[in-house]
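Visitor: Have a look at this one before I ask anything.
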Amino acid sequence: MKHHVLVLDDEADVRNAIQLQLEGTRFEILEAENVDQATGLLTDYAISIDVIICDVRMPGASGVEAIEIFQREFPTTPVIVLTGFPDVDLSVDFMKQKDVVDFLTKPVEKDKLIAAVEQAAQGRKLFE
Amino acid sequence: MTIANDPSSEIYQLALHSAPSGIMVVAENGDILYANQTLADMFGHDIDALVGQPVEVLLPEKFAAAHRRHVENYARRREPRPMGSGRDLEGISKDKRRFPVEIGLHPAQTDMGPVVIATVIDITTRKAIEERLRRHEEELSELVAERTRELHTVQRDKERMLDQLIQAEKMTAVGTLASGIGHEINNPLYVILAAAEAISDAKDAARCHAHSQEILKQATNIANIVKNLSRYTQPGSRHDLEHVDLNKSVASAVHLAQRTFQGDQIEFKITTSPTPEILAKSEEIQQVLFNIVRNAIQAINGNGRIGIHTLSLEDWVCVRIEDNGVGIPNEHLKQLFDPFFTTKGPDEGEGLGLYIVRQIVTRYRGTIDVENAASGGSRFELRFPVADQKISKRSTNETSCSGSG
């Protein structure tokens, strides 16, 4: 069975970088540049999404709003926050939400990202 | 019998002796023929002792010889010389006290031959008052000079404080900017990191080439971000004025605002006309425009339209910045540029932004006006004097950019 990671970031370059880092792992990347695309993929029953990687600062609905939607509508899918701006207050807020399993800042090393995704995916398995 | 006709009359004598001026009659040879009581008192002599004496007894020795010559000269011309028309003279009393006098001379022809009637006033008091006045005047002008020096110092301090304020306000804006910049730099940095990791893992030269191209692109991105930022934050020398193209300043201020407020839904509509350059410091002009744009973004609450229009009006270059926000209450329009005037909460700034805007604009002999536009939002109009009359040849163009930037 294929494992899927949903990447929500408005910048194609960043999505490509995540794709590059997860290349060769057991995860396949699904890209979304806005919340609508992300929820569209999440509601597609043909694909099972194991982990969501989500940016914080985006035009339109922000990452914060996106995570609220994920938490409400897809409560079993773990979320990793990947932000360009390390904000301590924000990270504390996120970590209080049960479905945010990790808080990473750009630039993140490949090993660290893979480890975070692996851990999140296993956590989900346990949760189910 | 009338008094005037009888010199021996007691009243006649009394009138002469009680005159406020000393009066004496001097013969052609310089001998005193008559002296009134006032004159005798002034010099401390008895009238009898004076009569028959040469007039030089009333003068300090150093004037006596010169006076003798004056008398001879005067005898040749014999014109009346009113009080105060001559030089300052000195008299000497019997007890050798010297005092300033003023003398009027009136020649007359009598039975005893030609005489001169001299009127003498002791001007010690007047001289003292004059001296006091002079000293007072000196003190006053010294005081004025001192106050002027103080004012210069105050002015210099004010200028320096303004510079510091401008710089501090810039830094506040940079603080807001930092989060936006952090985002903008960390994104390309992340792409670079991922590409470098891919290169170190890859065995395929073609893929390595593609990754390194990506790295080059992203590194250039970062360099440009830093360059723009440092141009904005550097204090700049006070005297380094340059020719500034307002259209370029508008573009970079909008770019900066888009970075700072990315995530907001702002549609910028920028209409530029070919405008002559102005003489200023470009980073200060950018600061002015950024502050007004930031204000507009706050007025539309991060969601709306901001129109910026540049045009040339005779010897002025003009920028109009209009938003479709809530506008400014009429009672606030007058206070808008006052220091510490703010309608925002304590965490949203000290209310110095527009004050500094006006200070900078005034520094370059420009003007700033604000009004509520027909659309309901506010409209700022800036005018700067043209640096020289050469108009750039660029054609009018219109750009529109929307979204987050």
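Here's how to read the names in the structure tokens: chain A, B, ... by the order shown, residue numbers from 1 in each chain, ligand numbers from 1 in the order shown.
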Write out as a list of chain:residue names every residue belonging to chain A that has an atom at most 8 Å from any atom of chain B, counting only C-alpha atoms.
Guide: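 Selected residues: A:Asp13, A:Val14, A:Asn16, A:Ala17, A:Ile18, A:Leu20, A:Gln21, A:Arg57, A:Met58, A:Pro59, A:Gly60, A:Ser62, A:Thr83, A:Gly84, A:Phe85, A:Lys106, A:Pro107, A:Val108, A:Glu109, A:Lys110.
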Visitor: From a DSSP calculation on the backbone, collect every residue of chain A in alpha helix (DSSP H) and output the set as an MDAnalysis selection string.
Guide: chainID A and resid 12:21 35:42 63:73 88:96 110:127
Visitor: Which parts of chain A does DSSP call strand (DSSP E) when run on the backbone here, written out as number ranges by chain?
Guide: A: 3-8, 27-32, 49-54, 79-83, 100-105
Visitor: Would you save the residues from that selection as an mmCIF file, in the first residue's frame, using N, CA and C atoms?
Guide:
data_model
loop_
_atom_site.group_PDB
_atom_site.id
_atom_site.type_symbol
_atom_site.label_atom_id
_atom_site.label_comp_id
_atom_site.auth_asym_id
_atom_site.auth_seq_id
_atom_site.Cartn_x
_atom_site.Cartn_y
_atom_site.Cartn_z
ATOM 1 N N HIS A 3 1.944 5.048 0.731
ATOM 2 C CA HIS A 3 1.685 6.020 1.786
ATOM 3 C C HIS A 3 1.771 7.420 1.208
ATOM 4 N N HIS A 4 0.859 8.234 1.644
ATOM 5 C CA HIS A 4 0.788 9.568 1.047
ATOM 6 C C HIS A 4 1.017 10.689 2.063
ATOM 7 N N VAL A 5 1.770 11.673 1.606
ATOM 8 C CA VAL A 5 1.960 12.882 2.402
ATOM 9 C C VAL A 5 1.358 14.045 1.608
ATOM 10 N N LEU A 6 0.450 14.743 2.231
ATOM 11 C CA LEU A 6 -0.143 15.921 1.576
ATOM 12 C C LEU A 6 0.664 17.162 1.962
ATOM 13 N N VAL A 7 1.164 17.843 0.944
ATOM 14 C CA VAL A 7 1.957 19.052 1.212
ATOM 15 C C VAL A 7 1.134 20.280 0.840
ATOM 16 N N LEU A 8 0.853 21.108 1.835
ATOM 17 C CA LEU A 8 0.117 22.357 1.566
ATOM 18 C C LEU A 8 1.056 23.544 1.755
ATOM 19 N N PHE A 27 7.094 7.289 1.029
ATOM 20 C CA PHE A 27 5.988 8.245 0.914
ATOM 21 C C PHE A 27 5.905 8.875 -0.464
ATOM 22 N N GLU A 28 4.679 9.043 -0.893
ATOM 23 C CA GLU A 28 4.437 9.726 -2.156
ATOM 24 C C GLU A 28 3.812 11.086 -1.838
ATOM 25 N N ILE A 29 4.232 12.078 -2.564
ATOM 26 C CA ILE A 29 3.787 13.444 -2.266
ATOM 27 C C ILE A 29 2.548 13.814 -3.080
ATOM 28 N N LEU A 30 1.588 14.418 -2.380
ATOM 29 C CA LEU A 30 0.446 15.033 -3.069
ATOM 30 C C LEU A 30 0.524 16.525 -2.767
ATOM 31 N N GLU A 31 0.461 17.308 -3.811
ATOM 32 C CA GLU A 31 0.672 18.749 -3.610
ATOM 33 C C GLU A 31 -0.637 19.533 -3.624
ATOM 34 N N ALA A 32 -0.715 20.513 -2.721
ATOM 35 C CA ALA A 32 -1.854 21.435 -2.725
ATOM 36 C C ALA A 32 -1.315 22.832 -2.484
ATOM 37 N N ILE A 49 -4.499 9.484 2.940
ATOM 38 C CA ILE A 49 -3.398 10.404 3.280
ATOM 39 C C ILE A 49 -2.962 10.146 4.720
ATOM 40 N N ASP A 50 -1.662 9.896 4.878
ATOM 41 C CA ASP A 50 -1.138 9.543 6.189
ATOM 42 C C ASP A 50 -0.728 10.756 7.010
ATOM 43 N N VAL A 51 -0.120 11.713 6.337
ATOM 44 C CA VAL A 51 0.422 12.880 7.050
ATOM 45 C C VAL A 51 0.157 14.140 6.217
ATOM 46 N N ILE A 52 -0.091 15.268 6.919
ATOM 47 C CA ILE A 52 -0.197 16.563 6.229
ATOM 48 C C ILE A 52 0.992 17.419 6.662
ATOM 49 N N ILE A 53 1.678 17.998 5.668
ATOM 50 C CA ILE A 53 2.702 19.007 5.982
ATOM 51 C C ILE A 53 2.110 20.345 5.552
ATOM 52 N N CYS A 54 2.079 21.297 6.499
ATOM 53 C CA CYS A 54 1.329 22.527 6.228
ATOM 54 C C CYS A 54 2.144 23.782 6.552
ATOM 55 N N VAL A 79 -0.788 16.362 11.576
ATOM 56 C CA VAL A 79 -0.312 17.536 10.841
ATOM 57 C C VAL A 79 1.091 17.915 11.331
ATOM 58 N N ILE A 80 1.978 18.121 10.369
ATOM 59 C CA ILE A 80 3.303 18.683 10.689
ATOM 60 C C ILE A 80 3.297 20.121 10.180
ATOM 61 N N VAL A 81 3.610 21.066 11.062
ATOM 62 C CA VAL A 81 3.689 22.462 10.627
ATOM 63 C C VAL A 81 5.111 22.736 10.159
ATOM 64 N N LEU A 82 5.207 23.301 8.968
ATOM 65 C CA LEU A 82 6.528 23.664 8.437
ATOM 66 C C LEU A 82 6.467 25.147 8.074
ATOM 67 N N THR A 83 7.127 25.965 8.895
ATOM 68 C CA THR A 83 6.986 27.414 8.690
ATOM 69 C C THR A 83 8.320 28.093 8.391
ATOM 70 N N VAL A 100 -1.491 18.431 15.768
ATOM 71 C CA VAL A 100 -0.210 18.925 15.278
ATOM 72 C C VAL A 100 0.868 18.129 15.991
ATOM 73 N N VAL A 101 1.537 17.289 15.265
ATOM 74 C CA VAL A 101 2.492 16.393 15.914
ATOM 75 C C VAL A 101 3.907 16.951 15.909
ATOM 76 N N ASP A 102 4.167 17.861 14.992
ATOM 77 C CA ASP A 102 5.527 18.417 14.965
ATOM 78 C C ASP A 102 5.492 19.842 14.430
ATOM 79 N N PHE A 103 6.480 20.586 14.810
ATOM 80 C CA PHE A 103 6.578 21.977 14.379
ATOM 81 C C PHE A 103 7.990 22.184 13.845
ATOM 82 N N LEU A 104 8.120 22.283 12.535
ATOM 83 C CA LEU A 104 9.440 22.403 11.915
ATOM 84 C C LEU A 104 9.587 23.791 11.279
ATOM 85 N N THR A 105 10.841 24.286 11.268
ATOM 86 C CA THR A 105 11.060 25.569 10.595
ATOM 87 C C THR A 105 11.940 25.367 9.373
#
Visitor: Could you pull the residues within 7 Å of Val115 of chain B, counting only C-alpha atoms, minus those fewer than 2 positions along the same chain, as a PyMOL selection string?
Guide: chain B and resi 25-28+107-110+113+117
